[in-house]
Amino acid sequence: MADRLMKVNAYTTFDLVDATVRGHDFEEEAFAVLNATSPRKNPDHVKLQLELDNMREEHLPAHMEEVTLSPKEARELAADLEKHASEVEGSDGDD
């Protein structure tokens, strides 16, 4: 990702995940960076960041999505992710 907006280093949560960008008249698969972070000084929120590799994606300019979560919201998201991970692990793959 030559035109990257996010700083990616050893502390980045996931530096390469599969992602999809979808609009009304397009859908493209791309690699992405997904990161969860909080401020180093006086942490008061959790930030979830997602940046798709725009080297192949032609519909959107380079951009990054950010969601700011309270500690309670971050825990709710973590619990929901755990629930769905357990469902996928327990599935036989049939829909």
# chains A, B, ... in the order shown; residues from 1 in each chain; ligands from 1
>>> residues_around(residues="region 44-54 of chain A", least_positions_apart="4", cutoff="7 Å", atoms="only C-alpha atoms", output="VMD selection string")
chain A and resid 1 30 to 38 62 to 71 74
>>> write_last_selection(atoms="C-alpha atoms", output="PDB file, in the first residue's frame")
ATOM      1  CA  MET A   1       0.000   0.000   0.000  1.00  0.00           C
ATOM      2  CA  ALA A  30      -8.848  -5.896  -1.279  1.00  0.00           C
ATOM      3  CA  PHE A  31      -6.259  -6.378   1.414  1.00  0.00           C
ATOM      4  CA  ALA A  32      -6.601  -4.145   4.449  1.00  0.00           C
ATOM      5  CA  VAL A  33      -4.981  -3.032   7.679  1.00  0.00           C
ATOM      6  CA  LEU A  34      -7.164  -3.343  10.801  1.00  0.00           C
ATOM      7  CA  ASN A  35      -6.014  -1.810  14.049  1.00  0.00           C
ATOM      8  CA  ALA A  36      -7.334  -1.292  17.557  1.00  0.00           C
ATOM      9  CA  THR A  37      -5.591   1.355  19.607  1.00  0.00           C
ATOM     10  CA  SER A  38      -5.980   3.808  22.462  1.00  0.00           C
ATOM     11  CA  ALA A  62      -7.087   6.597  -0.391  1.00  0.00           C
ATOM     12  CA  HIS A  63      -8.978   6.785   2.887  1.00  0.00           C
ATOM     13  CA  MET A  64      -9.195   5.281   6.347  1.00  0.00           C
ATOM     14  CA  GLU A  65     -12.279   4.554   8.430  1.00  0.00           C
ATOM     15  CA  GLU A  66     -12.138   5.167  12.182  1.00  0.00           C
ATOM     16  CA  VAL A  67     -14.607   4.360  14.918  1.00  0.00           C
ATOM     17  CA  THR A  68     -14.142   5.772  18.408  1.00  0.00           C
ATOM     18  CA  LEU A  69     -15.505   3.497  21.146  1.00  0.00           C
ATOM     19  CA  SER A  70     -15.965   3.948  24.858  1.00  0.00           C
ATOM     20  CA  PRO A  71     -14.457   1.188  27.020  1.00  0.00           C
ATOM     21  CA  ALA A  74     -15.180  -1.852  23.029  1.00  0.00           C
TER      22      ALA A  74
END
>>> select_by_dssp(residues="chain A", states="helix (DSSP H, G or I)", output="ChimeraX atom specification")
/A:71-90
>>> atom_distance(atom1="CA of Pro43 (chain A)", atom2="CA of Leu16 (chain A)")
26.0 Å
>>> atom_distance(atom1="CA of His84 (chain A)", atom2="CA of Ala10 (chain A)")
26.6 Å
